[in-house]
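This is entry.pdb (PDB, C-alpha atoms).
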ATOM      1  CA  MET A   1     -58.207 -27.514  -1.913
ATOM      2  CA  PRO A   2     -56.421 -28.968  -5.011
ATOM      3  CA  LEU A   3     -52.651 -29.352  -4.594
ATOM      4  CA  ALA A   4     -51.899 -27.082  -7.578
ATOM      5  CA  ILE A   5     -53.922 -24.236  -6.023
ATOM      6  CA  THR A   6     -52.244 -24.771  -2.646
ATOM      7  CA  LYS A   7     -48.810 -24.604  -4.245
ATOM      8  CA  GLY A   8     -49.804 -21.570  -6.280
ATOM      9  CA  LEU A   9     -50.959 -19.751  -3.152
ATOM     10  CA  GLU A  10     -47.760 -20.719  -1.343
ATOM     11  CA  LEU A  11     -45.668 -19.409  -4.235
ATOM     12  CA  PHE A  12     -47.622 -16.151  -4.282
ATOM     13  CA  LEU A  13     -47.159 -15.561  -0.550
ATOM     14  CA  LEU A  14     -43.493 -16.574  -0.308
ATOM     15  CA  PHE A  15     -42.112 -15.236  -3.575
ATOM     16  CA  ILE A  16     -44.296 -12.197  -4.297
ATOM     17  CA  VAL A  17     -46.148 -10.892  -1.246
ATOM     18  CA  LEU A  18     -43.224 -11.258   1.177
ATOM     19  CA  PRO A  19     -40.503  -9.534  -0.914
ATOM     20  CA  VAL A  20     -42.856  -6.791  -2.119
ATOM     21  CA  SER A  21     -43.917  -6.133   1.481
ATOM     22  CA  PHE A  22     -40.335  -5.146   2.293
ATOM     23  CA  LEU A  23     -40.914  -1.953   0.331
ATOM     24  CA  LEU A  24     -43.441  -0.902   2.973
ATOM     25  CA  ALA A  25     -42.421   1.051   6.041
ATOM     26  CA  TYR A  26     -42.710  -1.343   8.966
ATOM     27  CA  PRO A  27     -40.156  -2.360  11.630
ATOM     28  CA  ILE A  28     -36.990  -4.059  10.381
ATOM     29  CA  GLU A  29     -37.336  -6.583  13.208
ATOM     30  CA  ILE A  30     -40.607  -7.804  11.720
ATOM     31  CA  LYS A  31     -39.060  -8.016   8.250
ATOM     32  CA  VAL A  32     -36.160 -10.084   9.582
ATOM     33  CA  GLY A  33     -38.578 -12.259  11.537
ATOM     34  CA  LEU A  34     -40.749 -12.927   8.490
ATOM     35  CA  THR A  35     -37.662 -13.760   6.446
ATOM     36  CA  LEU A  36     -36.453 -16.261   9.045
ATOM     37  CA  ILE A  37     -39.906 -17.840   9.328
ATOM     38  CA  GLY A  38     -40.054 -18.187   5.550
ATOM     39  CA  PHE A  39     -36.569 -19.711   5.384
ATOM     40  CA  ILE A  40     -37.319 -22.160   8.187
ATOM     41  CA  TYR A  41     -40.525 -23.155   6.396
ATOM     42  CA  VAL A  42     -38.503 -23.821   3.241
ATOM     43  CA  LEU A  43     -35.924 -25.915   5.118
ATOM     44  CA  VAL A  44     -38.577 -27.947   6.946
ATOM     45  CA  SER A  45     -40.457 -28.578   3.697
ATOM     46  CA  LEU A  46     -37.280 -29.719   1.920
ATOM     47  CA  LYS A  47     -36.360 -31.912   4.882
ATOM     48  CA  LYS A  48     -39.745 -33.622   4.844
ATOM     49  CA  GLU A  49     -39.453 -34.295   1.116
ATOM     50  CA  GLY A  50     -35.880 -35.556   1.398
ATOM     51  CA  PHE A  51     -34.280 -32.796  -0.661
ATOM     52  CA  LEU A  52     -32.083 -31.353   2.074
ATOM     53  CA  LYS A  53     -29.637 -34.232   2.235
ATOM     54  CA  PRO A  54     -26.052 -33.360   1.180
ATOM     55  CA  LYS A  55     -25.519 -34.805  -2.280
ATOM     56  CA  PHE A  56     -22.337 -34.781  -4.341
ATOM     57  CA  PRO A  57     -23.055 -33.598  -7.879
ATOM     58  CA  ASN A  58     -23.009 -36.175 -10.647
ATOM     59  CA  THR A  59     -19.414 -36.328 -11.911
ATOM     60  CA  SER A  60     -20.632 -36.126 -15.509
ATOM     61  CA  TYR A  61     -21.710 -32.529 -14.912
ATOM     62  CA  TRP A  62     -18.381 -31.164 -13.622
ATOM     63  CA  LYS A  63     -16.457 -30.831 -16.898
ATOM     64  CA  PRO A  64     -19.244 -29.151 -18.939
ATOM     65  CA  PHE A  65     -20.171 -27.077 -15.879
ATOM     66  CA  TRP A  66     -16.700 -25.561 -15.527
ATOM     67  CA  ARG A  67     -16.402 -25.053 -19.287
ATOM     68  CA  GLU A  68     -19.665 -23.113 -19.366
ATOM     69  CA  VAL A  69     -18.851 -21.134 -16.210
ATOM     70  CA  ILE A  70     -15.454 -20.085 -17.576
ATOM     71  CA  ILE A  71     -17.018 -18.889 -20.829
ATOM     72  CA  LYS A  72     -19.800 -16.996 -19.051
ATOM     73  CA  LEU A  73     -17.377 -15.566 -16.492
ATOM     74  CA  GLY A  74     -15.128 -14.330 -19.306
ATOM     75  CA  ILE A  75     -18.044 -12.447 -20.831
ATOM     76  CA  ILE A  76     -19.059 -11.073 -17.419
ATOM     77  CA  ILE A  77     -15.501  -9.920 -16.711
ATOM     78  CA  VAL A  78     -15.257  -8.006 -19.984
ATOM     79  CA  VAL A  79     -18.704  -6.405 -19.754
ATOM     80  CA  THR A  80     -18.520  -5.414 -16.085
ATOM     81  CA  SER A  81     -14.932  -4.161 -16.299
ATOM     82  CA  LEU A  82     -15.853  -1.909 -19.215
ATOM     83  CA  TYR A  83     -18.984  -0.757 -17.393
ATOM     84  CA  VAL A  84     -17.115   0.223 -14.218
ATOM     85  CA  PHE A  85     -14.321   1.832 -16.243
ATOM     86  CA  TRP A  86     -16.901   3.903 -18.115
ATOM     87  CA  MET A  87     -19.258   4.766 -15.238
ATOM     88  CA  ALA A  88     -16.867   5.071 -12.280
ATOM     89  CA  PRO A  89     -13.214   4.474 -13.218
ATOM     90  CA  ASP A  90     -12.060   5.344  -9.702
ATOM     91  CA  LYS A  91     -13.944   2.277  -8.401
ATOM     92  CA  LEU A  92     -12.294  -0.231 -10.740
ATOM     93  CA  PHE A  93     -10.695  -2.851  -8.434
ATOM     94  CA  SER A  94     -10.482  -0.175  -5.730
ATOM     95  CA  PHE A  95     -12.067  -2.412  -3.082
ATOM     96  CA  VAL A  96      -9.420  -5.123  -3.572
ATOM     97  CA  LEU A  97      -6.560  -2.638  -3.620
ATOM     98  CA  LYS A  98      -7.628  -0.422  -0.719
ATOM     99  CA  LYS A  99      -9.363  -2.875   1.625
ATOM    100  CA  PRO A 100      -8.151  -6.400   0.796
ATOM    101  CA  GLY A 101      -8.969  -7.733   4.268
ATOM    102  CA  ILE A 102     -12.606  -6.609   4.128
ATOM    103  CA  TRP A 103     -12.804  -7.825   0.524
ATOM    104  CA  ILE A 104     -11.745 -11.352   1.533
ATOM    105  CA  LEU A 105     -14.176 -11.315   4.478
ATOM    106  CA  ILE A 106     -17.063 -10.268   2.231
ATOM    107  CA  LEU A 107     -16.229 -13.039  -0.258
ATOM    108  CA  PHE A 108     -16.588 -15.667   2.467
ATOM    109  CA  VAL A 109     -19.660 -14.124   4.113
ATOM    110  CA  TYR A 110     -21.398 -13.613   0.771
ATOM    111  CA  SER A 111     -20.633 -17.145  -0.459
ATOM    112  CA  PHE A 112     -21.831 -18.990   2.632
ATOM    113  CA  LEU A 113     -24.420 -16.733   4.284
ATOM    114  CA  SER A 114     -26.024 -15.219   1.194
ATOM    115  CA  VAL A 115     -25.489 -17.441  -1.847
ATOM    116  CA  TRP A 116     -26.344 -20.797  -0.262
ATOM    117  CA  PRO A 117     -29.638 -19.678   1.364
ATOM    118  CA  GLN A 118     -30.690 -17.970  -1.876
ATOM    119  CA  GLU A 119     -30.035 -21.102  -3.918
ATOM    120  CA  ILE A 120     -31.794 -23.312  -1.389
ATOM    121  CA  ILE A 121     -34.895 -21.098  -1.655
ATOM    122  CA  TYR A 122     -34.921 -20.022  -5.285
ATOM    123  CA  ARG A 123     -33.601 -23.116  -6.977
ATOM    124  CA  THR A 124     -33.804 -26.221  -4.742
ATOM    125  CA  PHE A 125     -37.137 -25.401  -3.089
ATOM    126  CA  PHE A 126     -38.664 -23.589  -6.070
ATOM    127  CA  TYR A 127     -37.925 -26.342  -8.566
ATOM    128  CA  ASN A 128     -38.790 -29.274  -6.340
ATOM    129  CA  ARG A 129     -42.013 -27.555  -5.303
ATOM    130  CA  TYR A 130     -43.313 -25.929  -8.467
ATOM    131  CA  ASP A 131     -41.659 -27.760 -11.356
ATOM    132  CA  SER A 132     -44.819 -29.813 -11.875
ATOM    133  CA  LEU A 133     -47.003 -26.711 -12.258
ATOM    134  CA  LEU A 134     -45.527 -25.732 -15.640
ATOM    135  CA  LYS A 135     -44.690 -27.986 -18.565
ATOM    136  CA  ASN A 136     -42.812 -25.243 -20.398
ATOM    137  CA  LYS A 137     -39.329 -25.352 -18.834
ATOM    138  CA  TRP A 138     -38.212 -22.115 -20.506
ATOM    139  CA  LEU A 139     -41.182 -20.297 -19.027
ATOM    140  CA  LEU A 140     -40.281 -21.766 -15.639
ATOM    141  CA  ILE A 141     -36.739 -20.391 -15.983
ATOM    142  CA  PHE A 142     -38.134 -16.962 -16.875
ATOM    143  CA  ILE A 143     -40.554 -16.940 -13.930
ATOM    144  CA  ASN A 144     -37.799 -18.080 -11.585
ATOM    145  CA  ALA A 145     -35.560 -15.225 -12.766
ATOM    146  CA  ILE A 146     -38.356 -12.678 -12.320
ATOM    147  CA  LEU A 147     -39.041 -13.877  -8.774
ATOM    148  CA  PHE A 148     -35.329 -13.941  -7.958
ATOM    149  CA  SER A 149     -35.047 -10.335  -9.109
ATOM    150  CA  LEU A 150     -38.156  -9.461  -7.113
ATOM    151  CA  ALA A 151     -36.428 -10.739  -3.981
ATOM    152  CA  HIS A 152     -33.960  -7.843  -4.343
ATOM    153  CA  LEU A 153     -36.586  -5.111  -4.538
ATOM    154  CA  PHE A 154     -35.659  -3.883  -1.070
ATOM    155  CA  PHE A 155     -32.376  -2.550  -2.474
ATOM    156  CA  ARG A 156     -34.435  -0.039  -4.497
ATOM    157  CA  ASN A 157     -31.765  -0.203  -7.187
ATOM    158  CA  VAL A 158     -32.548  -0.744 -10.883
ATOM    159  CA  LEU A 159     -29.076  -2.109 -11.650
ATOM    160  CA  VAL A 160     -29.502  -4.733  -8.903
ATOM    161  CA  LEU A 161     -32.834  -5.824 -10.389
ATOM    162  CA  ILE A 162     -31.355  -6.116 -13.893
ATOM    163  CA  LEU A 163     -28.315  -8.086 -12.765
ATOM    164  CA  THR A 164     -30.305 -10.410 -10.499
ATOM    165  CA  PHE A 165     -32.739 -11.109 -13.347
ATOM    166  CA  ILE A 166     -29.846 -12.049 -15.643
ATOM    167  CA  GLY A 167     -28.265 -14.054 -12.841
ATOM    168  CA  GLY A 168     -31.597 -15.718 -12.174
ATOM    169  CA  LEU A 169     -31.763 -16.893 -15.785
ATOM    170  CA  LEU A 170     -28.246 -18.343 -15.601
ATOM    171  CA  PHE A 171     -28.734 -20.029 -12.234
ATOM    172  CA  ALA A 172     -32.167 -21.439 -13.079
ATOM    173  CA  PHE A 173     -30.787 -22.878 -16.322
ATOM    174  CA  THR A 174     -27.886 -24.498 -14.471
ATOM    175  CA  TYR A 175     -30.124 -25.959 -11.768
ATOM    176  CA  GLN A 176     -32.724 -27.194 -14.230
ATOM    177  CA  LYS A 177     -29.988 -29.007 -16.126
ATOM    178  CA  THR A 178     -28.002 -30.418 -13.190
ATOM    179  CA  LYS A 179     -30.445 -30.465 -10.261
ATOM    180  CA  SER A 180     -27.419 -29.632  -8.113
ATOM    181  CA  THR A 181     -27.574 -27.016  -5.353
ATOM    182  CA  THR A 182     -23.798 -27.317  -5.009
ATOM    183  CA  LEU A 183     -23.021 -26.497  -8.632
ATOM    184  CA  VAL A 184     -25.452 -23.601  -8.890
ATOM    185  CA  SER A 185     -24.175 -22.195  -5.578
ATOM    186  CA  ILE A 186     -20.586 -22.324  -6.862
ATOM    187  CA  GLU A 187     -21.624 -20.524 -10.047
ATOM    188  CA  HIS A 188     -23.601 -17.906  -8.112
ATOM    189  CA  ALA A 189     -20.681 -17.291  -5.728
ATOM    190  CA  ILE A 190     -18.175 -16.909  -8.575
ATOM    191  CA  TYR A 191     -20.205 -14.303 -10.465
ATOM    192  CA  GLY A 192     -21.308 -12.445  -7.344
ATOM    193  CA  ASN A 193     -17.809 -12.273  -5.897
ATOM    194  CA  TRP A 194     -16.487 -10.976  -9.179
ATOM    195  CA  LEU A 195     -18.876  -8.019  -8.963
ATOM    196  CA  PHE A 196     -17.374  -7.096  -5.595
ATOM    197  CA  THR A 197     -13.892  -7.603  -7.008
ATOM    198  CA  VAL A 198     -14.334  -5.421 -10.077
ATOM    199  CA  GLY A 199     -15.668  -2.566  -7.957
ATOM    200  CA  MET A 200     -19.445  -2.741  -8.368
ATOM    201  CA  GLY A 201     -20.194  -3.114  -4.658
ATOM    202  CA  GLU A 202     -21.316   0.446  -4.101
ATOM    203  CA  MET A 203     -23.239   0.521  -7.379
ATOM    204  CA  LEU A 204     -25.218  -2.454  -6.089
ATOM    205  CA  ALA A 205     -25.818  -0.870  -2.676
ATOM    206  CA  PHE A 206     -23.252  -3.051  -0.919
ATOM    207  CA  PRO A 207     -20.420  -1.764   1.240
ATOM    208  CA  GLY A 208     -17.684  -0.354  -0.910
ATOM    209  CA  VAL A 209     -14.631   1.832  -0.738
ATOM    210  CA  ASP A 210     -14.869   5.467   0.346
TER     211      ASP A 210
END
What does this structure look like when you write it as structure tokens?
Amino acid sequence: MPLAITKGLELFLLFIVLPVSFLLAYPIEIKVGLTLIGFIYVLVSLKKEGFLKPKFPNTSYWKPFWREVIIKLGIIIVVTSLYVFWMAPDKLFSFVLKKPGIWILILFVYSFLSVWPQEIIYRTFFYNRYDSLLKNKWLLIFINAILFSLAHLFFRNVLVLILTFIGGLLFAFTYQKTKSTTLVSIEHAIYGNWLFTVGMGEMLAFPGVD
């Protein structure tokens, strides 16, 4: 079987069939098991290809990276703050004010147990595995964002799908430009943690404040 077809089938099974299957009613234990098997497969594949080694980002990327992140974060802060104020003003920064301990815990858990695995799968593995299948890099960014959003289908939340698609575009662009899992993970953690901070946790089906 040609390599391109093999990779295409792999992409279809890992990034479409698996996440869509989570919408079906079957035991959560099986869903967790399939997720772990998929993640282990990704890690083993990256290890074999030498892409799992810790690598400090090229120093030339740090300054423009932080400049771009600050600008994008500023826009995100304004838009999301206005959105929460308009849709649910009682939730605006309520998590931070009412449950600061849980808020801090979630920031750490989210950054290390959610963000890093997602970036390993959807940026490091995806790009090193499928980058050669498409010559159009903008189309690759779009497809990556669609698949990243698809991974959040199990939340059954339209707002989650919209935000993860937008986030997918931003993260794919950053990774495509820097090839750094570290940088894109930092960016992902900053934006994601801000959403918890501003009070969008419950809107996104995450634990919030009663």
* **Nearest candidate to Lys48 (chain A) (options A:Tyr110, A:Tyr26, A:Trp116, A:Phe125; using all atoms listed in the file)** =>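 Selected residue with least distance to Lys48 (chain A): A:Phe125.
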Open item on the list: as a ChimeraX atom specification, please: the residues near region 191-193 of chain A (cut-off 12 Å, all atoms listed in the file, same-chain neighbours under 3 positions excluded).
Closed with: /A:69-77,80,95-96,103-112,114-115,160,163-164,166-168,170-171,184-188,196-201,204,206
message = I'd like to know which of A:Phe12, A:Phe85, A:Tyr130, A:Phe165 is closest to Ser149 (chain A), using only C-alpha atoms.
response =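 Once distances to Ser149 (chain A) are computed over only C-alpha atoms, the minimum belongs to A:Phe165.
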Across A:Ile143, A:Leu18, A:Ala4, A:Ala172, the smallest distance to Leu36 (chain A), with all atoms listed in the file counted, is shown by A:Leu18
8 Å per side around region 66-81 of chain A: axis-aligned box centre and edge lengths, as AutoDock Vina command-line options:
--center_x -17.4 --center_y -14.9 --center_z -18.2 --size_x 20.9 --size_y 37.4 --size_z 21.3
Residue nearest Leu159 (chain A) among A:Tyr83, A:Phe39, A:Phe56, A:Phe65 (counting only C-alpha atoms)
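Looking at the shortest contact to Leu159 (chain A), the residue is A:Tyr83.
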CA of Glu202 (chain A) to CA of Leu150 (chain A) measures 19.8 Å
- So what does the PyMOL selection byres ((chain A and resi 35) around 12) actually pick up in this one, as a ChimeraX atom specification? /A:13-15,17-19,21-22,28-34,36-42,117-118,121,151
